[in-house]
Structures are given as C-alpha cells and as structure tokens.
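Note: the block below is run.pdb and it holds PDB, C-alpha atoms.
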ATOM      1  CA  MET A   1     110.639  86.739 103.983  1.00  0.00           C
ATOM      2  CA  LYS A   2     107.141  87.377 105.276  1.00  0.00           C
ATOM      3  CA  THR A   3     105.288  90.405 103.985  1.00  0.00           C
ATOM      4  CA  LYS A   4     102.181  91.739 105.679  1.00  0.00           C
ATOM      5  CA  ILE A   5      99.768  93.995 103.856  1.00  0.00           C
ATOM      6  CA  LEU A   6      98.495  96.415 106.475  1.00  0.00           C
ATOM      7  CA  LEU A   7      95.842  99.085 106.102  1.00  0.00           C
ATOM      8  CA  ILE A   8      95.662 101.960 108.533  1.00  0.00           C
ATOM      9  CA  SER A   9      92.905 104.359 107.588  1.00  0.00           C
ATOM     10  CA  ILE A  10      91.101 107.172 109.329  1.00  0.00           C
ATOM     11  CA  LEU A  11      87.905 105.683 107.954  1.00  0.00           C
ATOM     12  CA  ALA A  12      88.896 102.091 108.601  1.00  0.00           C
ATOM     13  CA  ALA A  13      90.872 101.488 111.741  1.00  0.00           C
ATOM     14  CA  LEU A  14      92.164 104.688 113.265  1.00  0.00           C
ATOM     15  CA  ALA A  15      91.067 105.432 116.803  1.00  0.00           C
ATOM     16  CA  LEU A  16      92.066 108.868 118.049  1.00  0.00           C
ATOM     17  CA  SER A  17      92.231 110.042 121.603  1.00  0.00           C
ATOM     18  CA  PHE A  18      92.242 113.805 121.813  1.00  0.00           C
ATOM     19  CA  SER A  19      93.434 113.933 125.405  1.00  0.00           C
ATOM     20  CA  ALA A  20      95.966 116.499 126.472  1.00  0.00           C
ATOM     21  CA  SER A  21      98.598 113.826 126.957  1.00  0.00           C
ATOM     22  CA  ALA A  22      98.779 111.993 123.615  1.00  0.00           C
ATOM     23  CA  GLN A  23      97.035 110.599 120.592  1.00  0.00           C
ATOM     24  CA  LYS A  24      96.371 106.866 120.781  1.00  0.00           C
ATOM     25  CA  PHE A  25      96.141 104.726 117.663  1.00  0.00           C
ATOM     26  CA  GLY A  26      94.049 101.597 117.219  1.00  0.00           C
ATOM     27  CA  ALA A  27      95.202  98.232 115.975  1.00  0.00           C
ATOM     28  CA  ASP A  28      96.258  97.632 112.378  1.00  0.00           C
ATOM     29  CA  VAL A  29      93.903  95.742 110.112  1.00  0.00           C
ATOM     30  CA  LEU A  30      95.467  92.696 108.455  1.00  0.00           C
ATOM     31  CA  ILE A  31      93.809  92.155 105.088  1.00  0.00           C
ATOM     32  CA  HIS A  32      96.224  89.800 103.349  1.00  0.00           C
ATOM     33  CA  GLU A  33      99.415  88.007 104.307  1.00  0.00           C
ATOM     34  CA  CYS A  34     101.841  86.263 101.972  1.00  0.00           C
ATOM     35  CA  ASP A  35     105.022  84.282 102.485  1.00  0.00           C
ATOM     36  CA  GLY A  36     107.796  84.213  99.908  1.00  0.00           C
ATOM     37  CA  GLU A  37     110.137  86.433  97.965  1.00  0.00           C
ATOM     38  CA  PHE A  38     107.499  88.915  96.838  1.00  0.00           C
ATOM     39  CA  TRP A  39     107.332  92.650  96.640  1.00  0.00           C
ATOM     40  CA  ALA A  40     103.964  94.013  97.751  1.00  0.00           C
ATOM     41  CA  LYS A  41     102.363  97.337  96.888  1.00  0.00           C
ATOM     42  CA  PRO A  42      98.865  98.096  98.279  1.00  0.00           C
ATOM     43  CA  LYS A  43      96.584 100.949  97.146  1.00  0.00           C
ATOM     44  CA  ILE A  44      93.393 102.317  98.724  1.00  0.00           C
ATOM     45  CA  SER A  45      90.348 104.155  97.349  1.00  0.00           C
ATOM     46  CA  VAL A  46      87.126 105.150  99.128  1.00  0.00           C
ATOM     47  CA  ALA A  47      83.760 105.470  97.393  1.00  0.00           C
ATOM     48  CA  ASP A  48      81.620 108.483  98.194  1.00  0.00           C
ATOM     49  CA  ASN A  49      79.339 106.330 100.357  1.00  0.00           C
ATOM     50  CA  GLY A  50      82.281 105.366 102.589  1.00  0.00           C
ATOM     51  CA  TRP A  51      82.922 101.862 101.247  1.00  0.00           C
ATOM     52  CA  ILE A  52      86.648 101.159 101.368  1.00  0.00           C
ATOM     53  CA  TYR A  53      88.445  99.410  98.516  1.00  0.00           C
ATOM     54  CA  VAL A  54      91.997  98.056  98.787  1.00  0.00           C
ATOM     55  CA  LEU A  55      94.108  96.829  95.879  1.00  0.00           C
ATOM     56  CA  MET A  56      96.884  94.401  96.792  1.00  0.00           C
ATOM     57  CA  ASN A  57      99.503  93.430  94.236  1.00  0.00           C
ATOM     58  CA  LYS A  58     102.393  91.092  94.951  1.00  0.00           C
ATOM     59  CA  TYR A  59     105.101  90.624  92.381  1.00  0.00           C
ATOM     60  CA  GLY A  60     108.756  89.877  91.746  1.00  0.00           C
ATOM     61  CA  HIS A  61     109.001  86.267  92.971  1.00  0.00           C
ATOM     62  CA  PRO A  62     111.752  84.455  91.012  1.00  0.00           C
ATOM     63  CA  SER A  63     109.516  81.503  90.066  1.00  0.00           C
ATOM     64  CA  GLN A  64     105.894  82.232  91.024  1.00  0.00           C
ATOM     65  CA  ARG A  65     103.505  84.343  88.965  1.00  0.00           C
ATOM     66  CA  ASP A  66     102.487  87.852  89.984  1.00  0.00           C
ATOM     67  CA  GLU A  67      99.073  88.299  91.587  1.00  0.00           C
ATOM     68  CA  THR A  68      96.556  91.096  92.139  1.00  0.00           C
ATOM     69  CA  ARG A  69      93.549  91.177  94.477  1.00  0.00           C
ATOM     70  CA  ILE A  70      90.918  93.788  95.303  1.00  0.00           C
ATOM     71  CA  TYR A  71      89.074  93.822  98.634  1.00  0.00           C
ATOM     72  CA  ARG A  72      86.032  95.813  99.765  1.00  0.00           C
ATOM     73  CA  SER A  73      84.774  96.820 103.184  1.00  0.00           C
ATOM     74  CA  LYS A  74      81.167  97.972 103.682  1.00  0.00           C
ATOM     75  CA  ASP A  75      81.502  98.398 107.461  1.00  0.00           C
ATOM     76  CA  SER A  76      84.171 101.090 107.836  1.00  0.00           C
ATOM     77  CA  GLY A  77      87.049  98.639 107.686  1.00  0.00           C
ATOM     78  CA  VAL A  78      85.880  96.129 110.291  1.00  0.00           C
ATOM     79  CA  THR A  79      85.720  93.311 107.721  1.00  0.00           C
ATOM     80  CA  TYR A  80      86.878  92.914 104.102  1.00  0.00           C
ATOM     81  CA  ASP A  81      85.678  90.689 101.268  1.00  0.00           C
ATOM     82  CA  GLN A  82      87.730  89.836  98.208  1.00  0.00           C
ATOM     83  CA  ILE A  83      85.927  90.953  95.037  1.00  0.00           C
ATOM     84  CA  TYR A  84      88.652  90.391  92.423  1.00  0.00           C
ATOM     85  CA  SER A  85      91.678  88.148  91.888  1.00  0.00           C
ATOM     86  CA  GLY A  86      94.016  87.988  88.888  1.00  0.00           C
ATOM     87  CA  VAL A  87      97.271  86.163  88.144  1.00  0.00           C
ATOM     88  CA  THR A  88      99.647  87.012  85.305  1.00  0.00           C
ATOM     89  CA  PRO A  89     100.137  84.283  82.683  1.00  0.00           C
ATOM     90  CA  ASP A  90     103.425  82.436  82.280  1.00  0.00           C
ATOM     91  CA  GLY A  91     106.080  84.551  80.570  1.00  0.00           C
ATOM     92  CA  THR A  92     104.490  87.806  81.761  1.00  0.00           C
ATOM     93  CA  ARG A  93     105.436  90.115  84.606  1.00  0.00           C
ATOM     94  CA  GLN A  94     103.326  92.904  85.997  1.00  0.00           C
ATOM     95  CA  ALA A  95     104.510  96.465  85.451  1.00  0.00           C
ATOM     96  CA  GLY A  96     102.156  98.408  87.690  1.00  0.00           C
ATOM     97  CA  ARG A  97      98.594  98.407  89.000  1.00  0.00           C
ATOM     98  CA  ASP A  98      96.407 101.233  90.227  1.00  0.00           C
ATOM     99  CA  PHE A  99      92.711 101.973  90.720  1.00  0.00           C
ATOM    100  CA  VAL A 100      90.143 104.586  91.713  1.00  0.00           C
ATOM    101  CA  VAL A 101      86.528 104.211  92.778  1.00  0.00           C
ATOM    102  CA  THR A 102      83.714 106.550  91.706  1.00  0.00           C
ATOM    103  CA  GLY A 103      80.067 106.713  92.792  1.00  0.00           C
ATOM    104  CA  ASN A 104      78.049 107.013  95.977  1.00  0.00           C
ATOM    105  CA  ASN A 105      75.812 103.926  96.143  1.00  0.00           C
ATOM    106  CA  GLU A 106      75.855 100.307  95.073  1.00  0.00           C
ATOM    107  CA  SER A 107      74.012 101.022  91.826  1.00  0.00           C
ATOM    108  CA  ASN A 108      76.462 103.599  90.441  1.00  0.00           C
ATOM    109  CA  ILE A 109      79.819 102.698  92.023  1.00  0.00           C
ATOM    110  CA  LYS A 110      82.522 101.883  89.478  1.00  0.00           C
ATOM    111  CA  VAL A 111      85.966 100.479  90.169  1.00  0.00           C
ATOM    112  CA  TRP A 112      88.440 101.765  87.546  1.00  0.00           C
ATOM    113  CA  TYR A 113      91.332  99.300  87.434  1.00  0.00           C
ATOM    114  CA  VAL A 114      94.375 100.013  85.252  1.00  0.00           C
ATOM    115  CA  PHE A 115      97.282  97.614  84.832  1.00  0.00           C
ATOM    116  CA  ALA A 116     100.383  97.203  82.696  1.00  0.00           C
ATOM    117  CA  ASP A 117     102.168  93.917  81.985  1.00  0.00           C
ATOM    118  CA  ASN A 118     105.525  93.139  80.387  1.00  0.00           C
ATOM    119  CA  ILE A 119     105.778  90.142  78.070  1.00  0.00           C
ATOM    120  CA  GLN A 120     109.233  88.660  78.463  1.00  0.00           C
ATOM    121  CA  SER A 121     109.904  87.237  74.986  1.00  0.00           C
ATOM    122  CA  PRO A 122     109.820  88.929  72.599  1.00  0.00           C
ATOM    123  CA  LYS A 123     109.975  92.084  74.701  1.00  0.00           C
ATOM    124  CA  SER A 124     106.670  93.959  74.581  1.00  0.00           C
ATOM    125  CA  THR A 125     104.186  95.592  76.919  1.00  0.00           C
ATOM    126  CA  PHE A 126     100.525  96.535  77.125  1.00  0.00           C
ATOM    127  CA  VAL A 127      98.267  98.617  79.329  1.00  0.00           C
ATOM    128  CA  SER A 128      94.563  97.981  79.955  1.00  0.00           C
ATOM    129  CA  LEU A 129      91.857  99.889  81.798  1.00  0.00           C
ATOM    130  CA  TYR A 130      88.787  98.033  83.039  1.00  0.00           C
ATOM    131  CA  THR A 131      85.725  99.025  85.025  1.00  0.00           C
ATOM    132  CA  MET A 132      83.935  96.807  87.532  1.00  0.00           C
ATOM    133  CA  ASP A 133      80.684  97.170  89.414  1.00  0.00           C
ATOM    134  CA  ALA A 134      80.643  97.751  93.166  1.00  0.00           C
ATOM    135  CA  ASP A 135      80.991  94.026  93.870  1.00  0.00           C
ATOM    136  CA  GLY A 136      83.712  93.383  91.265  1.00  0.00           C
ATOM    137  CA  GLY A 137      81.330  92.017  88.630  1.00  0.00           C
ATOM    138  CA  ASN A 138      80.624  93.086  85.046  1.00  0.00           C
ATOM    139  CA  MET A 139      84.309  93.649  84.215  1.00  0.00           C
ATOM    140  CA  THR A 140      84.409  95.790  81.067  1.00  0.00           C
ATOM    141  CA  LEU A 141      87.415  96.844  78.961  1.00  0.00           C
ATOM    142  CA  LYS A 142      87.533 100.635  78.510  1.00  0.00           C
ATOM    143  CA  TYR A 143      90.988 101.103  76.952  1.00  0.00           C
ATOM    144  CA  ASN A 144      93.863  98.944  75.732  1.00  0.00           C
ATOM    145  CA  LYS A 145      97.164  99.682  73.979  1.00  0.00           C
ATOM    146  CA  SER A 146     100.293  97.626  73.301  1.00  0.00           C
ATOM    147  CA  TRP A 147     103.880  98.359  72.252  1.00  0.00           C
ATOM    148  CA  ASP A 148     106.746  96.247  70.943  1.00  0.00           C
ATOM    149  CA  ASN A 149     110.324  96.679  72.210  1.00  0.00           C
ATOM    150  CA  ILE A 150     109.053  98.569  75.272  1.00  0.00           C
ATOM    151  CA  GLU A 151     109.290  97.728  78.987  1.00  0.00           C
ATOM    152  CA  ASN A 152     106.759  99.394  81.264  1.00  0.00           C
ATOM    153  CA  HIS A 153     107.550 100.318  84.885  1.00  0.00           C
ATOM    154  CA  ASP A 154     104.469 101.822  86.529  1.00  0.00           C
ATOM    155  CA  VAL A 155     100.950 103.176  86.010  1.00  0.00           C
ATOM    156  CA  SER A 156      98.982 105.739  88.017  1.00  0.00           C
ATOM    157  CA  ILE A 157      95.318 106.741  87.697  1.00  0.00           C
ATOM    158  CA  SER A 158      93.340 109.710  89.009  1.00  0.00           C
ATOM    159  CA  THR A 159      89.942 111.353  88.629  1.00  0.00           C
ATOM    160  CA  ASN A 160      88.109 114.485  89.734  1.00  0.00           C
ATOM    161  CA  ALA A 161      84.813 112.589  90.029  1.00  0.00           C
ATOM    162  CA  ARG A 162      82.448 113.325  92.871  1.00  0.00           C
ATOM    163  CA  SER A 163      79.110 111.765  93.814  1.00  0.00           C
ATOM    164  CA  PRO A 164      76.714 111.820  90.846  1.00  0.00           C
ATOM    165  CA  GLU A 165      73.845 114.294  91.020  1.00  0.00           C
ATOM    166  CA  PRO A 166      70.986 114.956  88.538  1.00  0.00           C
ATOM    167  CA  ASN A 167      72.911 117.831  86.915  1.00  0.00           C
ATOM    168  CA  TRP A 168      76.344 116.308  87.426  1.00  0.00           C
ATOM    169  CA  ALA A 169      78.746 117.180  84.590  1.00  0.00           C
ATOM    170  CA  PRO A 170      80.882 114.385  83.070  1.00  0.00           C
ATOM    171  CA  PHE A 171      84.044 113.936  85.095  1.00  0.00           C
ATOM    172  CA  ALA A 172      87.660 113.639  83.981  1.00  0.00           C
ATOM    173  CA  ILE A 173      89.666 110.463  84.492  1.00  0.00           C
ATOM    174  CA  ALA A 174      93.213 109.768  83.319  1.00  0.00           C
ATOM    175  CA  PHE A 175      96.204 107.527  83.838  1.00  0.00           C
ATOM    176  CA  ALA A 176      99.933 107.836  83.135  1.00  0.00           C
ATOM    177  CA  MET A 177     102.590 105.216  82.344  1.00  0.00           C
ATOM    178  CA  SER A 178     106.375 105.149  82.630  1.00  0.00           C
ATOM    179  CA  SER A 179     108.430 102.972  80.265  1.00  0.00           C
ATOM    180  CA  ASN A 180     111.687 102.463  78.399  1.00  0.00           C
ATOM    181  CA  ARG A 181     112.514 101.406  74.874  1.00  0.00           C
ATOM    182  CA  VAL A 182     114.516  98.212  75.179  1.00  0.00           C
ATOM    183  CA  SER A 183     116.769  98.769  72.159  1.00  0.00           C
ATOM    184  CA  ASP A 184     118.210 102.189  73.111  1.00  0.00           C
ATOM    185  CA  GLY A 185     117.067 102.939  76.681  1.00  0.00           C
ATOM    186  CA  ARG A 186     114.943 105.971  75.814  1.00  0.00           C
ATOM    187  CA  GLY A 187     112.449 106.750  78.579  1.00  0.00           C
ATOM    188  CA  PHE A 188     108.815 107.702  78.096  1.00  0.00           C
ATOM    189  CA  ILE A 189     105.925 109.115  80.097  1.00  0.00           C
ATOM    190  CA  ASP A 190     102.621 108.423  78.327  1.00  0.00           C
ATOM    191  CA  TYR A 191      99.222 109.827  79.253  1.00  0.00           C
ATOM    192  CA  VAL A 192      95.678 108.636  78.502  1.00  0.00           C
ATOM    193  CA  TYR A 193      92.711 110.816  79.474  1.00  0.00           C
ATOM    194  CA  SER A 194      88.945 111.181  79.215  1.00  0.00           C
ATOM    195  CA  ILE A 195      86.928 114.338  79.850  1.00  0.00           C
ATOM    196  CA  ASN A 196      83.523 112.718  79.311  1.00  0.00           C
ATOM    197  CA  GLY A 197      83.343 110.310  82.220  1.00  0.00           C
ATOM    198  CA  GLY A 198      85.310 107.523  80.562  1.00  0.00           C
ATOM    199  CA  ALA A 199      83.166 107.277  77.422  1.00  0.00           C
ATOM    200  CA  ASN A 200      86.177 108.028  75.203  1.00  0.00           C
ATOM    201  CA  PHE A 201      89.919 108.148  75.860  1.00  0.00           C
ATOM    202  CA  THR A 202      92.734 110.046  74.130  1.00  0.00           C
ATOM    203  CA  TYR A 203      96.383 108.959  74.145  1.00  0.00           C
ATOM    204  CA  LYS A 204      99.384 111.265  74.064  1.00  0.00           C
ATOM    205  CA  GLU A 205     103.112 110.940  74.642  1.00  0.00           C
ATOM    206  CA  LEU A 206     103.677 113.376  77.481  1.00  0.00           C
ATOM    207  CA  TYR A 207     107.479 113.326  77.737  1.00  0.00           C
ATOM    208  CA  SER A 208     110.510 111.371  76.534  1.00  0.00           C
ATOM    209  CA  LYS A 209     114.245 111.542  77.106  1.00  0.00           C
ATOM    210  CA  GLY A 210     117.198 109.522  75.892  1.00  0.00           C
ATOM    211  CA  ASN A 211     119.066 107.213  78.277  1.00  0.00           C
ATOM    212  CA  SER A 212     116.556 107.808  81.052  1.00  0.00           C
ATOM    213  CA  LYS A 213     114.548 105.427  83.182  1.00  0.00           C
ATOM    214  CA  PHE A 214     111.363 106.755  84.737  1.00  0.00           C
ATOM    215  CA  GLY A 215     110.061 104.645  87.600  1.00  0.00           C
ATOM    216  CA  LEU A 216     107.171 105.135  90.025  1.00  0.00           C
ATOM    217  CA  LEU A 217     104.445 107.599  89.096  1.00  0.00           C
ATOM    218  CA  ASP A 218     101.798 109.591  90.923  1.00  0.00           C
ATOM    219  CA  LEU A 219      98.968 111.481  89.254  1.00  0.00           C
ATOM    220  CA  SER A 220      96.378 113.934  90.517  1.00  0.00           C
ATOM    221  CA  ILE A 221      93.443 115.618  88.754  1.00  0.00           C
ATOM    222  CA  GLY A 222      91.922 118.640  90.471  1.00  0.00           C
TER     223      GLY A 222
END

Written as structure tokens, how would this file's structure read?
Amino acid sequence: MKTKILLISILAALALSFSASAQKFGADVLIHECDGEFWAKPKISVADNGWIYVLMNKYGHPSQRDETRIYRSKDSGVTYDQIYSGVTPDGTRQAGRDFVVTGNNESNIKVWYVFADNIQSPKSTFVSLYTMDADGGNMTLKYNKSWDNIENHDVSISTNARSPEPNWAPFAIAFAMSSNRVSDGRGFIDYVYSINGGANFTYKELYSKGNSKFGLLDLSIG
C-alpha cells in the first residue's frame, strides 16, 4: 500500500478562481511519501508570521518502528524543509502526536510538540510535551508523566496564543489524552493545562468510565 501525505492549504497551495462559472483549485503539494503497511496522520499549524508547519506521523507497520517528522515552509508552501525527525524505540508504539506553533517571528516562534507512547511489555504509557525553536532546535522538555497498566490512544493540544506584543498577557495552552486501563478496560480522558504561557502545567483527570474506550480527540481553547 502506498500512502501519500498531501497538504492542501489556503495559505500553501490553494488557487481560487472567483469566476462566475466555477472555483478552480491548484495542485496538491506532496511533502512526504512512504511505501508500506503504515497508517499516516498529518497535522498542520501556521505561525503568526505565515510560516507553515506540518507534522507527519506514520505508524502501525507490523515490523517497522513508528516515525514522526516535522516540516516547515517559509515561502507560503512552495517548498518545505524537514526540521525534526523521531523514531520510536524497539518495543514501543506511538499513541498519538499533535503540535501547535506560537509566535510571529523567528526569534519568538515556539513549536509545542506533544506525544504519547505505549511500552509493550510490561504494559505502560507516557506523555511528553516539548518545545522547539522556529528551526526545530533547542528541544526542551516542558512536561512528562507516565502510568503503569495503561494504554494511551490519542493526544490533542490547543492554545489561545496570539502574536506577542509588549503588553501581551500570558497565554493558555493545554493538551488532552485518551487511554484505557489494561486490567479492567476503564477509559480515561486526562487533561494538562497551563495559564501562564507554559511556565507551569497542572494535571487533572477530566473524565472516566468503566468498560469504555475513548479514541481520537480534538481540543480547542478560545
């Protein structure tokens, strides 16, 4: 099976014709292509200066390790450069990746990358949140938590951040996780948030229910 990771974005590759007859779309932009029995789940985030960031994660191959890459375009989607690449270690499977980008110029842009991984034996999971500079450098751990006897399914991150200004108040940023307890199947939605621009984070169990499996998540902060 061949999987193509395609990005169609109003900012990147969307050409509109506002004629009376029809709207005409431009060509897709191929950022990454992979062969094999992978699932693929891309995400997109745009900095306030218009730079486009794309997260590509491929996972689920029966024998190969899961992989995550982040690409950046500084020219409205004409070209992309890879700024990050990560591969899960042996015995570990990814359980969700997401990211957001804050800032409005190269000096203050931050990439907030959250990921969860499941360790196969003994069954356990962990979630980590890192920040990177605009070019993917200076990767810094902001939050980490692990659980035994838990299998994670997805993570989702959101922020209400806007371009920094001299009197800009600290923004909120948060992520949520879905998981199950392996021993009895109880499902959980966990939530980690910061209201001071990511300086400190607070964890809370948002919801749980017996014999329930919560899957994909989406999160929005107004």

Would you compute the distance between atom CA of Ile119 of chain A and atom CA of Arg93 of chain A? Give it in Å to one decimal.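 That distance, rounded to one decimal, is 6.5 Å.
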
Spell out the residues picked by the PyMOL selection byres ((chain A and resi 146-149) around 9) here, as a list in words.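 When the PyMOL selection byres ((chain A and resi 146-149) around 9) is applied to the shown file, the picked residues are Pro122, Lys123, Ser124, Thr125, Phe126, Val127, Ser128, Asn144, Lys145, Ile150, Glu151, Asn180, Arg181, Val182 and Ser183 of chain A.
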
Which residues match the PyMOL selection byres ((chain A and resi 211-213) around 9) in the file above, as JSON, numbers by chain? {"A": [153, 178, 179, 180, 184, 185, 186, 187, 188, 208, 209, 210, 214, 215]}

Would you work out the distance separating atom CA of Ala116 of chain A from atom CA of Tyr71 of chain A, expressed in Å to one decimal? 19.8 Å

Neighbour list for Val192 of chain A as a PyMOL selection string, cut-off 10 Å, all atoms listed in the file, skip fewer than 5 positions in-chain: chain A and resi 143+157+173-177+201-206

Quick one: apply the PyMOL selection byres ((chain A and resi 113) around 8) to the file and drop the selected residues here as a PyMOL selection string. chain A and resi 97-100+111-112+114-115+129-132

Could you tell me, as a PyMOL selection string, which residues have any atom at most 8 Å from (99.7, 109.9, 92.7), counting all atoms listed in the file? chain A and resi 156-158+217-220

Could the residues in this selection be saved with C-alpha atoms as a tab-separated table (two decimals), keeping the file's coordinate frame?
chain	number	residue	atom	x	y	z
A	156	SER	CA	98.98	105.74	88.02
A	157	ILE	CA	95.32	106.74	87.70
A	158	SER	CA	93.34	109.71	89.01
A	217	LEU	CA	104.44	107.60	89.10
A	218	ASP	CA	101.80	109.59	90.92
A	219	LEU	CA	98.97	111.48	89.25
A	220	SER	CA	96.38	113.93	90.52

One decimal, Å: what's the distance from atom CA of Val101 of chain A over to atom CA of Tyr53 of chain A, could you say?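 These atoms are spaced 7.7 Å apart.
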
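Within 9 Å of the point (80.5, 104.5, 91.5), counting all atoms listed in the file, the protein and nucleic acid residues come to A:Ala47, A:Asp48, A:Val101, A:Thr102, A:Gly103, A:Asn104, A:Asn105, A:Glu106, A:Ser107, A:Asn108, A:Ile109, A:Lys110, A:Val111, A:Asp133, A:Ala134, A:Ser163, A:Pro164.
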